[in-house]
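What follows is a single structure, written as structure tokens, with notes after it.
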Amino acid sequence: MFLVIDSVCKGYHGQRVLDNVSFSVAQGELVSLIGPSGAGKTTLLKIIAGLDQPDSGSIRSQADLLSNPAILVFQDYVLFPTMTVFDNVAFGLKTRRKGATEIRQRSMAMLDYFGLVDKAGQFPNQLSSGQQQRVALARAMVVNPSILLLDEPFANLDKNLKGGTAEFIRRFQKEYTITTICVTHDLQEAMMMSDKIGVLLDGVLCQYDDARSVYNEPASDQVAAFLGHVNIIPRKYFNLLSLPEAAEGNGYDMSVRAESLIIEKDPHGSGVIEDMLFAGQYSVCRIRIDDLTVTAYSSGGSLKIHDRVRIMVKRYIQLKGD
């Protein structure tokens, strides 16, 4: 494997931050590490970048990380405020003592790729957050790093820019075949752009797999809950729901995501809508079935509080190993 993180542990002031974290990354892959604040994601990124050292474990790579290190793009971009966009992008080449012609050609080529040629003479405070991020990415990519590390690339972007930015990162990452590790809180964007997803909870890598497998076959109830609201449906309610045939023999409670419950208005339905919260593209519905309350997302505009509804399960969560 191109990059191997092997049994990495790290603690600060007696508090364990990373606990025996191991995974591998193939050359040219894009991996996203997701988890709540304090899970150890940024600490791990800094260790891979060589900015911190593990207490135990190792980082191994087929690349020569001493002569061609991994480059970390920080959440706040860390652009030089008194330098123009061109000089920010060219900085790494200048410190590597490249010739003036090479510096200009490579820097302008990168500015052109990132759509920043017309901003070359401007300063960072004259740019939008999205433009500043592209300058930071161009500055990292111009030196041809062995590994690109992205710390919360969506944190400073408006919601309407996040999806497009995820697509852009995916596109340029594949065009340059640059091995990339990203840490983020933004689950949808991570799913959109990543070859592999790692879920870090309390310093433990709980699951590492492709995005579809992580979402549809979480390794634990904790992983499932982190990825979105999960309804726990006891077996005694199975006959009130239109369940997948495979679930009929399930002797345990069923875990179902809110978006996997389909609700339809039905005067003979088993559920009653107790509350609705409008959330833009859908409404969050709290539904009572006898003494059980479940949450479902509905895009239909005809439902209202106190409506009786029929509830169907489109998909239930199959925990990995079940």
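Residue numbering restarts at 1 in every chain; chains get A, B, ... in the order shown in the structure tokens, and ligands count up from 1 in that same order.
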
All helix (DSSP H, G or I) positions in region 76-125 of chain A, as number ranges by chain: A: 85-95, 100-113, 117-119, 124-125

Those in region 42-163 of chain A with strand (DSSP E) from DSSP, as a PyMOL selection string: chain A and resi 56-61+71-73+147-151

Nearby residues (only C-alpha atoms) at most 12 Å from region 298-303 of chain A, same-chain spacing under 6 positions excluded, as a ChimeraX atom specification: /A:258-266,272-287,309-311

How would the residues just picked look written out with N, CA, C and O atoms as a compact mmCIF listing (two decimals), in the first residue's frame?
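Result went into out_27.txt, see below:
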# COMPACT_ATOMS: atom_id res chain seq x y z
N ALA A 258 -34.24 7.64 9.45
CA ALA A 258 -35.43 8.47 9.26
C ALA A 258 -35.80 8.56 7.78
O ALA A 258 -36.99 8.54 7.43
N GLU A 259 -34.80 8.65 6.90
CA GLU A 259 -35.09 8.80 5.47
C GLU A 259 -35.54 7.48 4.83
O GLU A 259 -35.98 7.48 3.67
N SER A 260 -35.44 6.38 5.57
CA SER A 260 -35.86 5.08 5.03
C SER A 260 -37.29 4.71 5.44
O SER A 260 -37.75 3.62 5.10
N LEU A 261 -37.95 5.59 6.17
CA LEU A 261 -39.36 5.38 6.49
C LEU A 261 -40.22 6.16 5.49
O LEU A 261 -40.04 7.37 5.33
N ILE A 262 -41.11 5.47 4.81
CA ILE A 262 -42.05 6.11 3.88
C ILE A 262 -43.40 6.24 4.58
O ILE A 262 -43.91 5.26 5.14
N ILE A 263 -43.95 7.45 4.60
CA ILE A 263 -45.24 7.64 5.25
C ILE A 263 -46.26 8.16 4.24
O ILE A 263 -45.96 9.01 3.41
N GLU A 264 -47.45 7.61 4.33
CA GLU A 264 -48.55 8.00 3.45
C GLU A 264 -49.81 8.21 4.28
O GLU A 264 -50.09 7.43 5.21
N LYS A 265 -50.55 9.25 3.95
CA LYS A 265 -51.80 9.51 4.66
C LYS A 265 -52.76 8.34 4.46
O LYS A 265 -53.00 7.90 3.34
N ASP A 266 -53.30 7.82 5.58
CA ASP A 266 -54.18 6.66 5.51
C ASP A 266 -55.05 6.66 6.77
O ASP A 266 -54.52 6.55 7.89
N VAL A 272 -49.74 8.09 13.97
CA VAL A 272 -50.34 9.43 14.01
C VAL A 272 -49.22 10.46 14.11
O VAL A 272 -48.32 10.32 14.96
N ILE A 273 -49.24 11.47 13.23
CA ILE A 273 -48.22 12.52 13.26
C ILE A 273 -48.46 13.42 14.48
O ILE A 273 -49.51 14.05 14.59
N GLU A 274 -47.50 13.46 15.38
CA GLU A 274 -47.62 14.28 16.59
C GLU A 274 -46.97 15.64 16.43
O GLU A 274 -47.35 16.60 17.09
N ASP A 275 -45.94 15.73 15.55
CA ASP A 275 -45.25 17.01 15.37
C ASP A 275 -44.60 17.01 13.99
O ASP A 275 -44.25 15.96 13.45
N MET A 276 -44.47 18.20 13.39
CA MET A 276 -43.80 18.36 12.11
C MET A 276 -42.94 19.61 12.16
O MET A 276 -43.36 20.65 12.66
N LEU A 277 -41.72 19.49 11.64
CA LEU A 277 -40.80 20.62 11.57
C LEU A 277 -40.38 20.79 10.12
O LEU A 277 -39.81 19.87 9.51
N PHE A 278 -40.67 21.94 9.55
CA PHE A 278 -40.29 22.19 8.16
C PHE A 278 -38.79 22.44 8.08
O PHE A 278 -38.24 23.29 8.79
N ALA A 279 -38.09 21.69 7.20
CA ALA A 279 -36.64 21.79 7.10
C ALA A 279 -36.19 22.10 5.68
O ALA A 279 -35.07 21.77 5.30
N GLY A 280 -37.06 22.73 4.88
CA GLY A 280 -36.68 23.10 3.52
C GLY A 280 -37.09 22.04 2.52
O GLY A 280 -38.24 21.99 2.08
N GLN A 281 -36.14 21.16 2.17
CA GLN A 281 -36.42 20.14 1.16
C GLN A 281 -37.34 19.04 1.70
O GLN A 281 -37.90 18.27 0.93
N TYR A 282 -37.49 18.94 3.01
CA TYR A 282 -38.35 17.92 3.59
C TYR A 282 -38.86 18.43 4.94
O TYR A 282 -38.40 19.46 5.46
N SER A 283 -39.82 17.72 5.49
CA SER A 283 -40.32 18.00 6.84
C SER A 283 -39.94 16.84 7.76
O SER A 283 -39.98 15.67 7.35
N VAL A 284 -39.54 17.18 8.98
CA VAL A 284 -39.22 16.16 9.98
C VAL A 284 -40.51 15.83 10.73
O VAL A 284 -41.11 16.70 11.37
N CYS A 285 -40.93 14.60 10.63
CA CYS A 285 -42.21 14.18 11.24
C CYS A 285 -41.95 13.25 12.42
O CYS A 285 -41.20 12.27 12.30
N ARG A 286 -42.56 13.57 13.56
CA ARG A 286 -42.55 12.68 14.72
C ARG A 286 -43.86 11.93 14.73
O ARG A 286 -44.94 12.54 14.76
N ILE A 287 -43.78 10.62 14.70
CA ILE A 287 -44.98 9.79 14.51
C ILE A 287 -45.12 8.83 15.68
O ILE A 287 -44.16 8.13 16.05
N VAL A 309 -51.30 7.95 9.49
CA VAL A 309 -50.47 7.57 8.34
C VAL A 309 -50.12 6.09 8.38
O VAL A 309 -50.08 5.46 9.45
N ARG A 310 -49.90 5.58 7.18
CA ARG A 310 -49.35 4.23 7.02
C ARG A 310 -47.85 4.37 6.90
O ARG A 310 -47.34 5.28 6.22
N ILE A 311 -47.10 3.50 7.55
CA ILE A 311 -45.63 3.59 7.58
C ILE A 311 -45.05 2.35 6.93
O ILE A 311 -45.40 1.22 7.28

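The smallest atom-to-atom distance between Ser58 (chain A) and any of A:Phe86, A:Phe23, A:Phe74, A:Phe80, using only C-alpha atoms, is found for A:Phe23.
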
Listing only residues of region 133-186 of chain A within 8 Å of region 103-121 of chain A, what is the closest atom pair and its distance in Å (to one decimal) for each, using only C-alpha atoms, sorted by chain and residue number ascending, as a tab-separated table?
residue	atom	partner	partner_atom	distance
A:Arg134	CA	A:Phe114	CA	6.3
A:Val135	CA	A:Leu116	CA	7.7
A:Ala138	CA	A:Met110	CA	5.8
A:Met141	CA	A:Met110	CA	7.7
A:Val142	CA	A:Met110	CA	6.4

Save the residues we just selected, C-alpha atoms, as a PDB file, in the first residue's frame?
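Output file result-v7.pdb follows:
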ATOM      1  CA  ARG A 134      -8.559  27.552  -4.063  1.00  0.00           C
ATOM      2  CA  VAL A 135      -5.432  29.649  -3.517  1.00  0.00           C
ATOM      3  CA  ALA A 138      -3.075  25.737  -5.633  1.00  0.00           C
ATOM      4  CA  MET A 141      -0.469  21.367  -5.439  1.00  0.00           C
ATOM      5  CA  VAL A 142       2.153  23.477  -7.224  1.00  0.00           C
TER       6      VAL A 142
END

Residue neighbourhood Ala63 (chain A), 9 Å, only C-alpha atoms, exclusion window fewer than 4 positions, as a list in words: Phe2, Leu3, Ser67, Asn68, Pro69, Ser146 and Ile147 of chain A

CA of His229 (chain A) to CA of Ile317 (chain A), distance in Å rounded to a single decimal: 11.7 Å

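Picture a line from CA of Ser194 (chain A) to CA of Leu30 (chain A); it runs 5.2 Å.
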
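When only C-alpha atoms are used to compute distances to Ser255 (chain A), the closest of the residues A:Tyr316, A:Phe168, A:Phe91, A:Tyr208 turns out to be A:Tyr316.
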